[in-house]
$ cat work.cif   # mmCIF, C-alpha atoms
data_query
loop_
_atom_site.group_PDB
_atom_site.id
_atom_site.type_symbol
_atom_site.label_atom_id
_atom_site.label_comp_id
_atom_site.auth_asym_id
_atom_site.auth_seq_id
_atom_site.Cartn_x
_atom_site.Cartn_y
_atom_site.Cartn_z
ATOM 1 C CA MET A 29 117.711 34.781 28.730
ATOM 2 C CA GLU A 30 117.672 38.560 29.130
ATOM 3 C CA GLN A 31 114.313 38.350 30.908
ATOM 4 C CA GLU A 32 115.581 35.613 33.244
ATOM 5 C CA MET A 33 118.641 37.680 34.139
ATOM 6 C CA ASN A 34 116.418 40.645 34.889
ATOM 7 C CA TYR A 35 114.271 38.473 37.175
ATOM 8 C CA ILE A 36 117.289 37.304 39.159
ATOM 9 C CA TYR A 37 118.815 40.761 39.414
ATOM 10 C CA THR A 38 115.514 42.222 40.605
ATOM 11 C CA ILE A 39 115.301 39.566 43.352
ATOM 12 C CA TYR A 40 118.849 40.442 44.368
ATOM 13 C CA GLU A 41 117.997 44.175 44.447
ATOM 14 C CA CYS A 42 114.746 43.749 46.384
ATOM 15 C CA GLY A 43 116.101 41.150 48.808
ATOM 16 C CA SER A 44 113.056 38.893 48.532
ATOM 17 C CA PHE A 45 110.988 36.986 45.986
ATOM 18 C CA SER A 46 107.746 38.642 47.102
ATOM 19 C CA ARG A 47 108.990 42.240 46.708
ATOM 20 C CA ALA A 48 110.633 41.375 43.381
ATOM 21 C CA ALA A 49 107.430 39.766 42.082
ATOM 22 C CA GLU A 50 105.494 42.891 43.022
ATOM 23 C CA LYS A 51 108.026 45.109 41.229
ATOM 24 C CA LEU A 52 107.951 42.850 38.161
ATOM 25 C CA TYR A 53 104.117 42.730 38.128
ATOM 26 C CA MET A 54 104.008 38.934 38.330
ATOM 27 C CA THR A 55 103.034 36.329 40.901
ATOM 28 C CA GLN A 56 105.594 34.982 43.341
ATOM 29 C CA PRO A 57 105.042 31.311 42.248
ATOM 30 C CA ALA A 58 105.667 32.247 38.605
ATOM 31 C CA LEU A 59 108.866 34.075 39.568
ATOM 32 C CA SER A 60 110.059 31.134 41.678
ATOM 33 C CA ILE A 61 109.458 28.714 38.784
ATOM 34 C CA ALA A 62 111.449 30.943 36.409
ATOM 35 C CA VAL A 63 114.403 31.071 38.806
ATOM 36 C CA ARG A 64 114.272 27.309 39.397
ATOM 37 C CA ARG A 65 114.560 26.753 35.654
ATOM 38 C CA VAL A 66 117.694 28.890 35.495
ATOM 39 C CA GLU A 67 119.212 27.082 38.489
ATOM 40 C CA GLU A 68 118.443 23.692 36.956
ATOM 41 C CA ARG A 69 120.077 24.718 33.698
ATOM 42 C CA LEU A 70 123.161 25.978 35.531
ATOM 43 C CA GLY A 71 123.234 23.020 37.879
ATOM 44 C CA THR A 72 123.530 25.138 41.018
ATOM 45 C CA GLN A 73 121.482 27.384 43.293
ATOM 46 C CA LEU A 74 121.786 31.141 42.967
ATOM 47 C CA PHE A 75 120.033 32.026 46.223
ATOM 48 C CA ASP A 76 120.459 30.615 49.710
ATOM 49 C CA ARG A 77 116.853 30.159 50.733
ATOM 50 C CA SER A 78 117.682 28.618 54.111
ATOM 51 C CA ALA A 79 118.970 31.881 55.556
ATOM 52 C CA ARG A 80 116.599 34.164 57.418
ATOM 53 C CA THR A 81 117.483 36.914 54.949
ATOM 54 C CA LEU A 82 117.689 35.934 51.299
ATOM 55 C CA LYS A 83 121.339 35.803 50.246
ATOM 56 C CA LEU A 84 123.282 35.027 47.104
ATOM 57 C CA THR A 85 125.256 31.821 46.962
ATOM 58 C CA GLN A 86 128.793 31.943 45.581
ATOM 59 C CA ALA A 87 127.334 31.017 42.186
ATOM 60 C CA GLY A 88 124.764 33.781 42.614
ATOM 61 C CA GLU A 89 127.487 36.362 43.252
ATOM 62 C CA ILE A 90 129.215 35.308 40.025
ATOM 63 C CA TYR A 91 125.897 35.503 38.158
ATOM 64 C CA ILE A 92 125.171 39.043 39.388
ATOM 65 C CA ARG A 93 128.704 40.193 38.614
ATOM 66 C CA LYS A 94 128.510 38.849 35.068
ATOM 67 C CA TYR A 95 125.037 40.285 34.582
ATOM 68 C CA ARG A 96 126.358 43.740 35.467
ATOM 69 C CA GLN A 97 129.221 43.340 33.003
ATOM 70 C CA ILE A 98 126.818 42.307 30.252
ATOM 71 C CA ARG A 99 124.429 45.141 31.069
ATOM 72 C CA ASP A 100 127.261 47.692 31.048
ATOM 73 C CA LEU A 101 128.566 46.452 27.698
ATOM 74 C CA GLU A 102 125.082 46.687 26.197
ATOM 75 C CA LEU A 103 124.681 50.195 27.583
ATOM 76 C CA GLU A 104 128.061 51.266 26.246
ATOM 77 C CA MET A 105 127.288 49.819 22.806
ATOM 78 C CA SER A 106 123.902 51.559 22.779
ATOM 79 C CA GLN A 107 125.424 54.907 23.702
ATOM 80 C CA GLU A 108 128.209 54.637 21.144
ATOM 81 C CA MET A 109 125.623 53.820 18.474
ATOM 82 C CA GLN A 110 123.513 56.786 19.585
ATOM 83 C CA ASP A 111 126.570 59.018 19.323
ATOM 84 C CA LEU A 112 126.715 58.258 15.601
ATOM 85 C CA SER A 113 123.491 60.256 15.289
ATOM 86 C CA SER A 114 125.288 63.398 16.520
ATOM 87 C CA LEU A 115 122.836 63.960 19.404
ATOM 88 C CA ARG A 116 119.732 63.662 17.226
ATOM 89 C CA THR A 117 118.589 60.622 19.240
ATOM 90 C CA GLY A 118 119.513 58.916 22.501
ATOM 91 C CA THR A 119 118.812 59.007 26.218
ATOM 92 C CA LEU A 120 120.305 60.783 29.214
ATOM 93 C CA HIS A 121 119.521 59.553 32.742
ATOM 94 C CA LEU A 122 120.245 62.065 35.513
ATOM 95 C CA GLY A 123 120.229 61.664 39.281
ATOM 96 C CA GLY A 124 119.695 64.320 41.920
ATOM 97 C CA THR A 125 118.195 65.088 45.287
ATOM 98 C CA ASN A 126 114.879 66.936 45.477
ATOM 99 C CA TYR A 127 116.862 70.153 45.996
ATOM 100 C CA ILE A 128 118.956 69.591 42.876
ATOM 101 C CA ASN A 129 116.073 68.466 40.672
ATOM 102 C CA SER A 130 113.707 71.215 41.818
ATOM 103 C CA TYR A 131 115.993 74.234 42.180
ATOM 104 C CA ILE A 132 119.197 73.632 40.213
ATOM 105 C CA LEU A 133 118.391 71.539 37.142
ATOM 106 C CA PRO A 134 115.238 73.121 35.634
ATOM 107 C CA ASP A 135 116.941 75.911 33.658
ATOM 108 C CA VAL A 136 119.709 73.538 32.543
ATOM 109 C CA LEU A 137 117.205 70.927 31.376
ATOM 110 C CA VAL A 138 115.162 73.504 29.463
ATOM 111 C CA LYS A 139 118.274 74.665 27.594
ATOM 112 C CA PHE A 140 119.451 71.109 26.955
ATOM 113 C CA HIS A 141 116.066 70.033 25.617
ATOM 114 C CA ALA A 142 115.816 73.101 23.388
ATOM 115 C CA LYS A 143 119.228 72.351 21.890
ATOM 116 C CA TYR A 144 118.865 68.556 21.694
ATOM 117 C CA PRO A 145 115.128 67.769 21.458
ATOM 118 C CA GLY A 146 115.814 64.225 20.216
ATOM 119 C CA ILE A 147 117.526 63.192 23.467
ATOM 120 C CA GLU A 148 115.111 61.544 25.910
ATOM 121 C CA LEU A 149 115.652 62.845 29.456
ATOM 122 C CA GLN A 150 115.087 60.673 32.527
ATOM 123 C CA ILE A 151 115.463 61.857 36.130
ATOM 124 C CA THR A 152 115.859 59.796 39.301
ATOM 125 C CA GLU A 153 115.371 61.486 42.674
ATOM 126 C CA ASP A 154 116.967 60.055 45.814
ATOM 127 C CA ARG A 155 119.267 60.777 48.745
ATOM 128 C CA SER A 156 122.865 61.839 48.085
ATOM 129 C CA ASP A 157 124.418 58.561 49.234
ATOM 130 C CA ARG A 158 122.044 56.383 47.238
ATOM 131 C CA LEU A 159 122.631 58.416 44.096
ATOM 132 C CA LEU A 160 126.346 57.675 44.244
ATOM 133 C CA ASN A 161 125.579 53.960 44.344
ATOM 134 C CA LEU A 162 123.337 54.354 41.294
ATOM 135 C CA VAL A 163 126.223 56.006 39.446
ATOM 136 C CA LYS A 164 128.567 53.183 40.470
ATOM 137 C CA GLU A 165 126.081 50.612 39.226
ATOM 138 C CA HIS A 166 125.545 52.593 35.983
ATOM 139 C CA ARG A 167 121.831 52.955 36.759
ATOM 140 C CA VAL A 168 122.094 56.692 36.119
ATOM 141 C CA ASP A 169 124.501 58.418 33.736
ATOM 142 C CA LEU A 170 125.509 61.160 36.129
ATOM 143 C CA SER A 171 124.529 62.713 39.432
ATOM 144 C CA VAL A 172 125.017 66.115 41.051
ATOM 145 C CA ASN A 173 126.746 65.722 44.423
ATOM 146 C CA CYS A 174 129.128 67.498 46.780
ATOM 147 C CA GLY A 175 131.755 66.261 49.191
ATOM 148 C CA VAL A 176 132.457 63.062 47.252
ATOM 149 C CA ASP A 177 135.542 61.147 48.421
ATOM 150 C CA PRO A 178 138.226 61.610 45.709
ATOM 151 C CA LYS A 179 139.304 57.997 46.279
ATOM 152 C CA GLU A 180 135.933 56.735 45.063
ATOM 153 C CA PRO A 181 135.744 55.448 41.449
ATOM 154 C CA PHE A 182 134.218 58.571 39.911
ATOM 155 C CA LEU A 183 134.947 61.207 37.331
ATOM 156 C CA HIS A 184 134.348 64.758 38.528
ATOM 157 C CA MET A 185 133.130 67.587 36.271
ATOM 158 C CA PRO A 186 132.611 71.219 37.357
ATOM 159 C CA GLY A 187 129.214 71.983 38.864
ATOM 160 C CA PHE A 188 128.196 74.923 41.038
ATOM 161 C CA THR A 189 128.687 76.413 44.496
ATOM 162 C CA ASP A 190 126.031 77.169 47.078
ATOM 163 C CA HIS A 191 126.167 78.714 50.536
ATOM 164 C CA ILE A 192 124.376 77.325 53.574
ATOM 165 C CA LEU A 193 122.458 79.855 55.625
ATOM 166 C CA LEU A 194 120.812 79.584 59.016
ATOM 167 C CA CYS A 195 117.134 80.368 58.533
ATOM 168 C CA ILE A 196 115.068 81.505 61.561
ATOM 169 C CA PRO A 197 111.397 82.563 61.703
ATOM 170 C CA LYS A 198 111.006 86.292 62.342
ATOM 171 C CA SER A 199 108.592 85.476 65.166
ATOM 172 C CA PHE A 200 111.393 83.932 67.267
ATOM 173 C CA VAL A 201 112.795 86.047 70.073
ATOM 174 C CA LEU A 202 116.474 86.780 69.449
ATOM 175 C CA PRO A 203 119.014 88.901 71.343
ATOM 176 C CA ARG A 204 119.356 92.407 69.949
ATOM 177 C CA HIS A 205 122.977 91.899 68.852
ATOM 178 C CA LEU A 206 121.984 88.862 66.752
ATOM 179 C CA ARG A 207 118.892 90.407 65.228
ATOM 180 C CA SER A 208 120.984 93.434 64.228
ATOM 181 C CA ILE A 209 123.179 91.310 61.937
ATOM 182 C CA ALA A 210 120.369 89.213 60.463
ATOM 183 C CA LEU A 211 119.886 89.343 56.703
ATOM 184 C CA THR A 212 116.606 89.721 54.835
ATOM 185 C CA ASN A 213 115.615 87.794 51.741
ATOM 186 C CA THR A 214 116.261 90.935 49.674
ATOM 187 C CA GLU A 215 119.820 91.148 51.006
ATOM 188 C CA ILE A 216 120.410 87.466 50.209
ATOM 189 C CA LEU A 217 119.154 87.977 46.650
ATOM 190 C CA GLN A 218 121.548 90.948 46.443
ATOM 191 C CA LYS A 219 124.292 88.470 47.512
ATOM 192 C CA LYS A 220 125.235 90.508 50.569
ATOM 193 C CA HIS A 221 126.045 87.222 52.369
ATOM 194 C CA LEU A 222 128.908 86.660 49.883
ATOM 195 C CA ASP A 223 130.649 89.845 50.978
ATOM 196 C CA PRO A 224 133.631 88.889 53.190
ATOM 197 C CA GLU A 225 132.751 91.852 55.406
ATOM 198 C CA CYS A 226 129.267 90.501 56.093
ATOM 199 C CA PRO A 227 128.994 89.483 59.793
ATOM 200 C CA ALA A 228 128.860 85.721 60.449
ATOM 201 C CA VAL A 229 127.498 83.875 63.476
ATOM 202 C CA ARG A 230 128.616 80.926 65.579
ATOM 203 C CA LEU A 231 125.981 78.211 65.888
ATOM 204 C CA SER A 232 126.484 77.915 69.641
ATOM 205 C CA SER A 233 124.398 81.106 69.932
ATOM 206 C CA PHE A 234 121.374 79.243 68.543
ATOM 207 C CA GLN A 235 121.609 75.753 70.031
ATOM 208 C CA ASP A 236 118.593 76.240 72.308
ATOM 209 C CA LEU A 237 116.212 77.133 69.485
ATOM 210 C CA PRO A 238 114.104 74.341 67.948
ATOM 211 C CA MET A 239 115.594 73.018 64.735
ATOM 212 C CA ILE A 240 114.531 70.905 61.743
ATOM 213 C CA LEU A 241 117.354 68.729 60.411
ATOM 214 C CA LEU A 242 117.535 66.666 57.244
ATOM 215 C CA LEU A 243 117.554 62.887 57.593
ATOM 216 C CA PRO A 244 120.827 60.893 57.655
ATOM 217 C CA GLY A 245 122.105 60.151 54.176
ATOM 218 C CA ASN A 246 121.578 63.743 53.066
ATOM 219 C CA ASN A 247 124.737 65.799 52.740
ATOM 220 C CA LEU A 248 123.317 68.626 54.829
ATOM 221 C CA HIS A 249 122.560 66.288 57.755
ATOM 222 C CA ALA A 250 126.205 65.427 58.417
ATOM 223 C CA ARG A 251 127.369 68.916 57.467
ATOM 224 C CA THR A 252 125.005 70.605 59.947
ATOM 225 C CA LEU A 253 126.065 68.360 62.822
ATOM 226 C CA ALA A 254 129.720 68.971 61.959
ATOM 227 C CA MET A 255 129.216 72.750 62.002
ATOM 228 C CA PHE A 256 127.581 72.570 65.426
ATOM 229 C CA GLU A 257 130.383 70.314 66.641
ATOM 230 C CA GLU A 258 132.937 72.890 65.485
ATOM 231 C CA ASP A 259 131.310 75.283 67.979
ATOM 232 C CA HIS A 260 131.102 72.621 70.715
ATOM 233 C CA ALA A 261 127.334 72.884 70.487
ATOM 234 C CA VAL A 262 124.440 70.440 70.052
ATOM 235 C CA PRO A 263 121.357 71.415 68.020
ATOM 236 C CA ASN A 264 117.891 71.171 69.570
ATOM 237 C CA ILE A 265 116.380 68.922 66.900
ATOM 238 C CA ILE A 266 112.591 68.648 67.035
ATOM 239 C CA MET A 267 112.083 67.061 63.616
ATOM 240 C CA GLU A 268 113.996 65.416 60.785
ATOM 241 C CA SER A 269 112.880 65.848 57.187
ATOM 242 C CA GLY A 270 113.773 63.918 54.054
ATOM 243 C CA GLN A 271 113.564 67.033 51.873
ATOM 244 C CA LEU A 272 115.343 70.361 52.138
ATOM 245 C CA ALA A 273 112.351 72.155 50.647
ATOM 246 C CA THR A 274 110.068 70.703 53.346
ATOM 247 C CA ALA A 275 112.323 71.927 56.155
ATOM 248 C CA TRP A 276 112.523 75.308 54.415
ATOM 249 C CA HIS A 277 108.748 75.737 54.110
ATOM 250 C CA LEU A 278 108.170 74.645 57.723
ATOM 251 C CA SER A 279 110.671 77.241 58.866
ATOM 252 C CA CYS A 280 108.952 79.906 56.763
ATOM 253 C CA ALA A 281 105.698 78.888 58.463
ATOM 254 C CA GLY A 282 107.285 79.623 61.854
ATOM 255 C CA MET A 283 107.861 76.107 63.173
ATOM 256 C CA ALA A 284 111.629 76.036 63.709
ATOM 257 C CA MET A 285 114.971 77.166 62.393
ATOM 258 C CA THR A 286 116.755 75.139 59.733
ATOM 259 C CA MET A 287 119.687 75.179 57.336
ATOM 260 C CA ILE A 288 118.995 76.128 53.724
ATOM 261 C CA SER A 289 120.863 76.823 50.516
ATOM 262 C CA ASP A 290 120.974 80.383 49.240
ATOM 263 C CA HIS A 291 119.525 79.028 45.969
ATOM 264 C CA LEU A 292 116.166 78.518 47.735
ATOM 265 C CA VAL A 293 115.678 82.162 48.693
ATOM 266 C CA THR A 294 113.026 84.042 46.685
ATOM 267 C CA PRO A 295 111.472 87.535 46.793
ATOM 268 C CA SER A 296 108.556 86.088 48.764
ATOM 269 C CA SER A 297 110.794 84.614 51.491
ATOM 270 C CA ASP A 298 110.070 87.455 53.915
ATOM 271 C CA SER A 299 108.815 85.547 56.963
ATOM 272 C CA VAL A 300 112.302 84.477 58.066
ATOM 273 C CA LEU A 301 115.684 85.963 58.878
ATOM 274 C CA PHE A 302 118.974 84.634 57.521
ATOM 275 C CA PHE A 303 122.401 84.395 59.083
ATOM 276 C CA ARG A 304 125.747 83.839 57.433
ATOM 277 C CA ILE A 305 127.531 80.980 59.238
ATOM 278 C CA ASP A 306 131.115 81.279 60.410
ATOM 279 C CA SER A 307 132.358 77.941 59.053
ATOM 280 C CA PRO A 308 134.095 76.739 55.878
ATOM 281 C CA LEU A 309 131.544 73.918 55.846
ATOM 282 C CA ALA A 310 128.861 76.472 54.986
ATOM 283 C CA VAL A 311 130.225 76.590 51.441
ATOM 284 C CA ARG A 312 129.417 73.556 49.274
ATOM 285 C CA HIS A 313 131.076 72.779 45.950
ATOM 286 C CA PHE A 314 128.852 70.549 43.831
ATOM 287 C CA GLU A 315 130.161 68.497 40.936
ATOM 288 C CA LEU A 316 128.736 66.361 38.168
ATOM 289 C CA ILE A 317 129.652 62.821 39.177
ATOM 290 C CA LEU A 318 130.137 60.067 36.609
ATOM 291 C CA SER A 319 131.500 56.541 36.871
ATOM 292 C CA ASP A 320 135.162 56.284 35.848
ATOM 293 C CA ARG A 321 134.475 52.829 34.425
ATOM 294 C CA ARG A 322 132.132 53.656 31.611
ATOM 295 C CA TYR A 323 131.913 55.326 28.241
ATOM 296 C CA ILE A 324 131.177 59.065 28.361
ATOM 297 C CA SER A 325 128.535 59.668 25.716
ATOM 298 C CA LYS A 326 128.137 62.850 23.694
ATOM 299 C CA ALA A 327 124.855 63.506 25.516
ATOM 300 C CA MET A 328 126.584 63.349 28.901
ATOM 301 C CA GLN A 329 129.334 65.702 27.739
ATOM 302 C CA ALA A 330 126.834 68.094 26.158
ATOM 303 C CA PHE A 331 124.828 68.226 29.391
ATOM 304 C CA ALA A 332 127.994 68.914 31.399
ATOM 305 C CA ASP A 333 128.898 71.766 29.019
ATOM 306 C CA ILE A 334 125.458 73.391 29.327
ATOM 307 C CA PHE A 335 125.505 72.961 33.103
ATOM 308 C CA ARG A 336 128.915 74.619 33.324
ATOM 309 C CA GLU A 337 127.758 77.527 31.138
ATOM 310 C CA GLU A 338 124.642 78.022 33.295
ATOM 311 C CA TYR A 339 126.571 78.065 36.560
ATOM 312 C CA ALA A 340 129.864 79.589 35.418
ATOM 313 C CA GLU A 341 131.492 81.651 38.138
ATOM 314 C CA ALA A 342 131.084 85.360 37.499
#

$ encode --input "work.cif" --output "structure tokens"
Amino acid sequence: MEQEMNYIYTIYECGSFSRAAEKLYMTQPALSIAVRRVEERLGTQLFDRSARTLKLTQAGEIYIRKYRQIRDLELEMSQEMQDLSSLRTGTLHLGGTNYINSYILPDVLVKFHAKYPGIELQITEDRSDRLLNLVKEHRVDLSVNCGVDPKEPFLHMPGFTDHILLCIPKSFVLPRHLRSIALTNTEILQKKHLDPECPAVRLSSFQDLPMILLLPGNNLHARTLAMFEEDHAVPNIIMESGQLATAWHLSCAGMAMTMISDHLVTPSSDSVLFFRIDSPLAVRHFELILSDRRYISKAMQAFADIFREEYAEA
């Protein structure tokens, strides 16, 4: 029965029998036969096959809802049982964007693994908006996000703060008054941009320069457009990227300006100039996001504690 439920849920997730069969490593006819058997046993159809796009019937919606409840109960039972081992065994499934997984989590994961080597770590990488859905559906234990609506069904634990900088290739021609207030990578690493006296720029001064923007669904996409809108300006977007690191490296190569986090700056980042942005939106407060409808395991709490210690405010 568990296998049958997984088949049906995978079809629901994929939106088609063919994509689900591919994901399940089975043939489409075999998958269709398995679903037919379930429908015959239940005496009703779970999928409306007459529609152009595969949809759940009313019975199918009930089936999926109950499957999620069963899956969540099994997960909760498993985690409570694992907690009896006092973190000697268990699993922890984390979600993050490429930026989070590549630049924020590594040191935390190393410390967590050293302290709790028996806990199996799993990481899912996706866009910010999709990660929140995975948390809601209990497909990941927790995610690292910012700007989450407080009305959403989540628990919020302290995370970290980053600062968005405007990054411009040194080869670009800039007015003297702007170049005079630009920051180098060394000054960013010295945290000069965090000094309230550090000069900040309005984005309207840069709207004619070519820009690389992150794709919709990424937090920095909407945030960048909002910062330009604050200045009654429109960015000159020549490319959209799915990854912050990609936009960052293209800017370092001289292609266009972009927005980056101060956590990306390294001693070798000397081919670009940085500008502090005059907007409250340039400061992002990230949190560990968990579902408010599930059991908080000892592994989840231990990870949150190590994360908070790593990124504690000075």

$ axis_aligned_box --input "work.cif" --around "region 289-301 of chain A" --padding-each-side "4 Å" --output "AutoDock Vina command-line options"
--center_x 114.8 --center_y 82.2 --center_z 52.4 --size_x 20.4 --size_y 18.7 --size_z 20.9

$ closest_atom_pairs --input "work.cif" --of "region 32-137 of chain A" --to "region 321-334 of chain A" --cutoff "8 Å" --atoms "only C-alpha atoms" --output "tab-separated table"
residue	atom	partner	partner_atom	distance
A:Asp100	CA	A:Arg322	CA	7.7
A:Glu104	CA	A:Tyr323	CA	5.9
A:Gln107	CA	A:Ser325	CA	6.0
A:Glu108	CA	A:Ser325	CA	6.8
A:Asp111	CA	A:Lys326	CA	6.0
A:Ser114	CA	A:Lys326	CA	7.7
A:Leu115	CA	A:Ala327	CA	6.5
A:Gly118	CA	A:Ala327	CA	7.7
A:Thr119	CA	A:Ala327	CA	7.6
A:Leu120	CA	A:Ala327	CA	6.5
A:Val136	CA	A:Ile334	CA	6.6

$ residues_around --input "work.cif" --residues "Thr214 (chain A)" --least-positions-apart "5" --cutoff "9 Å" --atoms "all atoms listed in the file" --output "mmCIF file with C-alpha atoms, in the frame of the given file"
data_model
loop_
_atom_site.group_PDB
_atom_site.id
_atom_site.type_symbol
_atom_site.label_atom_id
_atom_site.label_comp_id
_atom_site.auth_asym_id
_atom_site.auth_seq_id
_atom_site.Cartn_x
_atom_site.Cartn_y
_atom_site.Cartn_z
ATOM 1 C CA LYS A 219 124.292 88.470 47.512
ATOM 2 C CA VAL A 293 115.678 82.162 48.693
ATOM 3 C CA THR A 294 113.026 84.042 46.685
ATOM 4 C CA PRO A 295 111.472 87.535 46.793
ATOM 5 C CA SER A 297 110.794 84.614 51.491
ATOM 6 C CA ASP A 298 110.070 87.455 53.915
#

$ closest_residue --input "work.cif" --among "A:Arg77, A:Arg312, A:Arg158, A:His260" --to "Leu193 (chain A)" --atoms "all atoms listed in the file"
A:Arg312

$ residues_around --input "work.cif" --residues "Tyr91 (chain A)" --least-positions-apart "5" --cutoff "10 Å" --atoms "only C-alpha atoms" --output "list in words"
Met33, Ile36, Tyr37, Leu74, Leu84, Thr85, Gln86, Arg96 and Gln97 of chain A

$ residues_around --input "work.cif" --residues "Leu248 (chain A)" --least-positions-apart "6" --cutoff "9 Å" --atoms "only C-alpha atoms" --output "JSON, numbers by chain"
{"A": [192, 241, 242, 272, 287, 288]}

$ write_last_selection --input "work.cif" --atoms "C-alpha atoms" --output "PDB file, keeping the file's coordinate frame"
ATOM      1  CA  ILE A 192     124.376  77.325  53.574  1.00  0.00           C
ATOM      2  CA  LEU A 241     117.354  68.729  60.411  1.00  0.00           C
ATOM      3  CA  LEU A 242     117.535  66.666  57.244  1.00  0.00           C
ATOM      4  CA  LEU A 272     115.343  70.361  52.138  1.00  0.00           C
ATOM      5  CA  MET A 287     119.687  75.179  57.336  1.00  0.00           C
ATOM      6  CA  ILE A 288     118.995  76.128  53.724  1.00  0.00           C
TER       7      ILE A 288
END

$ resolve_selection --input "work.cif" --expression "the PyMOL selection byres ((chain A and resi 208) around 12)" --output "PyMOL selection string"
chain A and resi 202-207+209-212+226-229+301-303

$ closest_residue --input "work.cif" --among "A:Arg155, A:His313, A:Arg167, A:Arg47" --to "Gly187 (chain A)" --atoms "all atoms listed in the file"
A:His313

$ resolve_selection --input "work.cif" --expression "the PyMOL selection byres ((chain A and resi 160) around 10)" --output "CSV table (one decimal) with C-alpha atoms, in the coordinates of the input"
chain,number,residue,atom,x,y,z
A,123,GLY,CA,120.2,61.7,39.3
A,124,GLY,CA,119.7,64.3,41.9
A,154,ASP,CA,117.0,60.1,45.8
A,155,ARG,CA,119.3,60.8,48.7
A,156,SER,CA,122.9,61.8,48.1
A,157,ASP,CA,124.4,58.6,49.2
A,158,ARG,CA,122.0,56.4,47.2
A,159,LEU,CA,122.6,58.4,44.1
A,161,ASN,CA,125.6,54.0,44.3
A,162,LEU,CA,123.3,54.4,41.3
A,163,VAL,CA,126.2,56.0,39.4
A,164,LYS,CA,128.6,53.2,40.5
A,165,GLU,CA,126.1,50.6,39.2
A,166,HIS,CA,125.5,52.6,36.0
A,167,ARG,CA,121.8,53.0,36.8
A,168,VAL,CA,122.1,56.7,36.1
A,170,LEU,CA,125.5,61.2,36.1
A,171,SER,CA,124.5,62.7,39.4
A,172,VAL,CA,125.0,66.1,41.1
A,173,ASN,CA,126.7,65.7,44.4
A,176,VAL,CA,132.5,63.1,47.3
A,180,GLU,CA,135.9,56.7,45.1
A,182,PHE,CA,134.2,58.6,39.9
A,317,ILE,CA,129.7,62.8,39.2
A,318,LEU,CA,130.1,60.1,36.6
A,319,SER,CA,131.5,56.5,36.9

$ atom_distance --input "work.cif" --atom1 "CA of Arg230 (chain A)" --atom2 "CA of Asp306 (chain A)"
5.8 Å

$ residues_around --input "work.cif" --residues "Trp276 (chain A)" --least-positions-apart "6" --cutoff "9 Å" --atoms "all atoms listed in the file" --output "MDAnalysis selection string"
chainID A and resid 195 240 285:288 292

$ closest_residue --input "work.cif" --among "A:Glu102, A:Asp76, A:Asp169, A:Glu153" --to "Thr125 (chain A)" --atoms "all atoms listed in the file"
A:Glu153

$ closest_residue --input "work.cif" --among "A:Ser269, A:Asn213, A:Thr189, A:Gln235" --to "Ile128 (chain A)" --atoms "all atoms listed in the file"
A:Thr189

$ decode --input "work.cif" --residues "region 90-106 of chain A" --atoms "C-alpha atoms" --output "mmCIF file, in the first residue's frame"
data_model
loop_
_atom_site.group_PDB
_atom_site.id
_atom_site.type_symbol
_atom_site.label_atom_id
_atom_site.label_comp_id
_atom_site.auth_asym_id
_atom_site.auth_seq_id
_atom_site.Cartn_x
_atom_site.Cartn_y
_atom_site.Cartn_z
ATOM 1 C CA ILE A 90 -8.913 13.441 -0.307
ATOM 2 C CA TYR A 91 -6.381 10.701 -1.091
ATOM 3 C CA ILE A 92 -3.482 13.168 -1.374
ATOM 4 C CA ARG A 93 -4.517 14.973 1.800
ATOM 5 C CA LYS A 94 -4.658 11.725 3.763
ATOM 6 C CA TYR A 95 -1.379 10.541 2.278
ATOM 7 C CA ARG A 96 0.317 13.704 3.538
ATOM 8 C CA GLN A 97 -1.148 13.176 7.003
ATOM 9 C CA ILE A 98 0.086 9.587 7.069
ATOM 10 C CA ARG A 99 3.517 10.585 5.788
ATOM 11 C CA ASP A 100 3.815 13.350 8.395
ATOM 12 C CA LEU A 101 2.822 11.008 11.222
ATOM 13 C CA GLU A 102 5.403 8.460 10.086
ATOM 14 C CA LEU A 103 8.050 11.170 9.895
ATOM 15 C CA GLU A 104 7.169 12.476 13.341
ATOM 16 C CA MET A 105 7.268 8.966 14.823
ATOM 17 C CA SER A 106 10.630 8.305 13.163
#
